[in-house]
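Enquirer: One structure, as structure tokens, below. Some questions next.
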Amino acid sequence: MLELKDLHFSIEEEDEQGQQVVTEIIKGIDFTFEKGKFYAITGPNGGGKTTLSKLIMGINPVTSGKIIFEGKDITDLSITDRAKMGIAYGFQHPARFKGMTFRDLLAIAAGTNDKETLVRILARVGICTIEFLDKEVGSKLSGGEIKKIELATIIALNPKLAIFDEPDTGIDLWTIGPMVELLKKQQEEHGTTTIVVSHNEKFLEAADELILIRGGKIAHVGGFEESLPLLKDDEFCSWKSICEGGTLCSIQ
Ligand SMILES: Nc1ncnc2c1ncn2[C@@H]1O[C@H](COP(=O)(O)OP(=O)(O)OP(=O)(O)O)[C@@H](O)[C@H]1O
Ligand SMILES: [Mg+2]
């Protein structure tokens, strides 16, 4: 349902001498996501997971390569057009909307203002109080609450493809298990193709397929059990290997 064909992403920046330098972040990714499957993307910090997920949603522009969604080339489509086609995205660090209440956001996503429907969606993400609906999605909510709100709005959209960038960041220990179950249920009942970027073993275990990204490339694809040796291999995702990739060398 989603094909990534030789995907590259580079950024152009000025270095300290004022010279334009091009840095390649995604270095040629080929992968086909199948309809209705649950994928987990993991790998060391700075490996390119967020960048890749943003390329799929159209938040980052592709430098070269193609993205095909349900047989249609969406490489040059806007975020809005991709959203209309049924792709939804949850940010690693969600935006806070001053002046907007959770009820407003949820009503837009669900396409209804019906209180009962909205409360049912709230309950699905583990928020049990109706008062929550009238909270402002600004500075008054905690980091974990914001993440739950974002999850609720994506669930309410019932997308064909849902991409979550570290949905468990800042989420309490008691919510992570139910959150995995919720996304699995969404996948099973609505056939939602799900891509979760995560470092959390619960998400990695729940996935049909695990994709390891390192240094802007796919380093490994496999099931959880089969990928375990790599996840436990100190050399595979070590500080040393990150440093060799250049990320930390300039700091030292
Ligand atoms: N707009 C940008 N400008 C400059 N560098 C960028 C930009 N976007 C990403 N990078 C760099 O690209 C690399 C990959 O970043 P990315 O956020 O995709 O990593 P990640 O795998 O999601 O890491 P984490 O596990 O820490 O979330 C990092 O070295 C990051 O600094
Ligand atoms: Mg990231």
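For the structure tokens, the naming scheme is as follows: chains receive sequential letters (A, B, ...) according to their order of presentation, residues are indexed from 1 within each chain, and ligands are indexed from 1 in presentation order.
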At a cut-off of 12 Å, using only C-alpha atoms, what residues contact stretch 132-144 of chain A? Leave out same-chain residues fewer than 4 positions from it and give the result as a ChimeraX atom specification.
Expert: /A:92-107,113-123,125-128,148-152,166-176
Enquirer: Please identify all protein, DNA and RNA residues within 12 Å of ligand 2, counting only C-alpha atoms and all ligand atoms, and report them as a PyMOL selection string.
Expert: chain A and resi 41-54+90-93+164-167+169+196-199+213-214
Enquirer: Could you dump the residues just selected with C-alpha atoms as a PDB file, in the first residue's frame?
Expert:
ATOM      1  CA  ILE A  41      10.760   1.483  13.152  1.00  0.00           C
ATOM      2  CA  THR A  42      13.635   1.611  15.610  1.00  0.00           C
ATOM      3  CA  GLY A  43      17.356   2.315  15.706  1.00  0.00           C
ATOM      4  CA  PRO A  44      19.894   4.610  17.352  1.00  0.00           C
ATOM      5  CA  ASN A  45      19.224   8.301  18.052  1.00  0.00           C
ATOM      6  CA  GLY A  46      19.899  10.468  15.031  1.00  0.00           C
ATOM      7  CA  GLY A  47      19.594   7.510  12.638  1.00  0.00           C
ATOM      8  CA  GLY A  48      16.892   9.146  10.520  1.00  0.00           C
ATOM      9  CA  LYS A  49      13.597   7.655  11.840  1.00  0.00           C
ATOM     10  CA  THR A  50      11.788  10.960  12.353  1.00  0.00           C
ATOM     11  CA  THR A  51      13.139  12.314   9.070  1.00  0.00           C
ATOM     12  CA  LEU A  52      11.891   9.230   7.204  1.00  0.00           C
ATOM     13  CA  SER A  53       8.435   9.385   8.810  1.00  0.00           C
ATOM     14  CA  LYS A  54       8.192  13.085   7.914  1.00  0.00           C
ATOM     15  CA  GLY A  90       1.521  11.892  15.222  1.00  0.00           C
ATOM     16  CA  PHE A  91       4.511  14.085  16.085  1.00  0.00           C
ATOM     17  CA  GLN A  92       7.379  13.124  18.420  1.00  0.00           C
ATOM     18  CA  HIS A  93       6.893  16.582  19.956  1.00  0.00           C
ATOM     19  CA  PHE A 164       3.260   7.665  15.063  1.00  0.00           C
ATOM     20  CA  ASP A 165       6.655   9.099  15.965  1.00  0.00           C
ATOM     21  CA  GLU A 166       7.462   7.841  19.477  1.00  0.00           C
ATOM     22  CA  PRO A 167       3.869   7.831  20.781  1.00  0.00           C
ATOM     23  CA  THR A 169       7.385   9.628  24.871  1.00  0.00           C
ATOM     24  CA  VAL A 196       5.222   3.294  14.936  1.00  0.00           C
ATOM     25  CA  VAL A 197       8.654   4.807  15.508  1.00  0.00           C
ATOM     26  CA  SER A 198       9.693   3.624  18.949  1.00  0.00           C
ATOM     27  CA  HIS A 199      12.481   2.519  21.259  1.00  0.00           C
ATOM     28  CA  ILE A 213      17.258   2.383  10.669  1.00  0.00           C
ATOM     29  CA  ARG A 214      20.844   3.406  11.196  1.00  0.00           C
TER      30      ARG A 214
END
Enquirer: Mind checking which residues fall within 8 Å of A:Phe38, counting only C-alpha atoms, ignoring those fewer than 5 positions away in the same chain, and posting them as a list in words?
Expert: Lys184, Gln187, Thr193, Thr194, Ile195, Val196, Ala206, Ala207, Asp208 and Glu209 of chain A
Enquirer: Skipping near chain neighbours, those fewer than 5 positions away, what residues fall within 10 Å of A:Gly191 using only C-alpha atoms, listed as a PyMOL selection string?
Expert: chain A and resi 35-38+158-161+184-186
Enquirer: Mind pulling up the distance from atom CA of A:Gly222 to atom CA of A:Glu201?
Expert: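 So the answer is 14.5 Å.
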Enquirer: What are the DSSP helix (DSSP H, G or I) residues of stretch 39-166 of chain A, as a PyMOL selection string?
Expert: chain A and resi 49-57+79-84+102-110+115-124+130-134+143-157
Enquirer: Write the residues of the selection above to a file with C-alpha atoms, as a short mmCIF file (atom, residue, chain, number, x, y, z; two decimals), in the first residue's frame.
Expert:
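Okay, result.cif is ready:
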data_model
loop_
_atom_site.label_atom_id
_atom_site.label_comp_id
_atom_site.auth_asym_id
_atom_site.auth_seq_id
_atom_site.Cartn_x
_atom_site.Cartn_y
_atom_site.Cartn_z
CA LYS A 49 13.60 7.66 11.84
CA THR A 50 11.79 10.96 12.35
CA THR A 51 13.14 12.31 9.07
CA LEU A 52 11.89 9.23 7.20
CA SER A 53 8.44 9.39 8.81
CA LYS A 54 8.19 13.08 7.91
CA LEU A 55 9.08 12.27 4.29
CA ILE A 56 6.15 9.85 4.16
CA MET A 57 3.76 12.51 5.53
CA ILE A 79 0.58 17.28 3.65
CA THR A 80 -3.09 18.24 3.24
CA ASP A 81 -3.51 16.17 0.07
CA ARG A 82 -1.86 13.18 1.74
CA ALA A 83 -4.13 13.62 4.77
CA LYS A 84 -7.16 13.66 2.44
CA PHE A 102 -9.37 19.47 23.16
CA ARG A 103 -13.07 19.32 22.21
CA ASP A 104 -12.36 21.60 19.18
CA LEU A 105 -9.46 19.46 17.98
CA LEU A 106 -11.26 16.18 18.48
CA ALA A 107 -14.44 17.44 16.83
CA ILE A 108 -12.47 18.46 13.72
CA ALA A 109 -10.77 15.04 13.53
CA ALA A 110 -13.92 13.02 14.23
CA LYS A 115 -20.48 14.52 23.12
CA GLU A 116 -21.07 10.78 23.45
CA THR A 117 -18.86 9.99 20.43
CA LEU A 118 -16.11 12.28 21.72
CA VAL A 119 -16.22 10.78 25.21
CA ARG A 120 -16.00 7.28 23.71
CA ILE A 121 -12.83 8.30 21.83
CA LEU A 122 -11.43 9.81 25.05
CA ALA A 123 -12.04 6.57 26.91
CA ARG A 124 -10.20 4.61 24.20
CA ILE A 130 -15.36 14.53 30.48
CA GLU A 131 -13.90 17.76 31.92
CA PHE A 132 -10.80 17.02 29.86
CA LEU A 133 -12.74 17.98 26.73
CA ASP A 134 -12.80 21.64 27.70
CA GLY A 143 3.63 16.42 27.89
CA GLY A 144 1.96 13.01 28.31
CA GLU A 145 -1.54 14.51 28.13
CA ILE A 146 -0.68 16.24 24.85
CA LYS A 147 0.54 12.93 23.39
CA LYS A 148 -2.70 11.21 24.43
CA ILE A 149 -4.72 13.99 22.82
CA GLU A 150 -2.82 13.63 19.59
CA LEU A 151 -3.35 9.87 19.63
CA ALA A 152 -7.08 10.39 20.20
CA THR A 153 -7.36 12.76 17.23
CA ILE A 154 -5.59 10.27 14.95
CA ILE A 155 -7.80 7.39 16.12
CA ALA A 156 -10.85 9.58 15.50
CA LEU A 157 -9.71 10.14 11.90
#
Enquirer: From the options A:Leu231, A:Val21, A:Val180, A:Leu204, which residue's atoms come nearest to ligand 1, counting only C-alpha atoms and all ligand atoms?
Expert: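 Once distances to ligand 1 are computed over only C-alpha atoms and all ligand atoms, the minimum belongs to A:Val21.
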Enquirer: Write down as a list in words the residues belonging to stretch 51-145 of chain A that are assigned strand (DSSP E or B) by DSSP computed on the backbone.
Expert: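 Assigned to strand (DSSP E or B), within stretch 51-145 of chain A: Ser64, Gly65, Lys66, Ile67, Ile68, Phe69, Lys72, Asp73, Ile87, Ala88, Tyr89, Gly90, Thr101 and Glu136 of chain A.
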Enquirer: For the atom pair atom CA of A:Tyr39 and atom CA of A:Leu210, what is the interatomic distance in Å to one decimal place?
Expert: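 Atom CA of A:Leu210 lies 5.9 Å from atom CA of A:Tyr39.
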Enquirer: Kindly give the distance, in Å, that separates atom CA of A:Lys27 and atom CA of A:Ser64, rounded to a single decimal.
Expert: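 Straight-line distance from atom CA of A:Lys27 to atom CA of A:Ser64 works out to 9.8 Å.
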Enquirer: Which residue out of A:Met85, A:Ala40, A:Ile218, A:Ile26 has the minimum interatomic distance to A:Asn60 when only C-alpha atoms are used?
Expert: A:Ile26
Enquirer: Let me make sure I understand: among A:Asp30, A:Glu181, A:Glu3, A:Gly216, which one has the smallest atom-to-atom distance to ligand 1 if we use only C-alpha atoms and all ligand atoms?
Expert: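 The answer is A:Gly216, which sits nearest to ligand 1.
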Enquirer: So, with only C-alpha atoms and all ligand atoms as the atoms that count, which of A:Gly71, A:Gly177, A:Gly215, A:Gly86 lies closest to ligand 1?
Expert: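 Nearest to ligand 1: A:Gly215.
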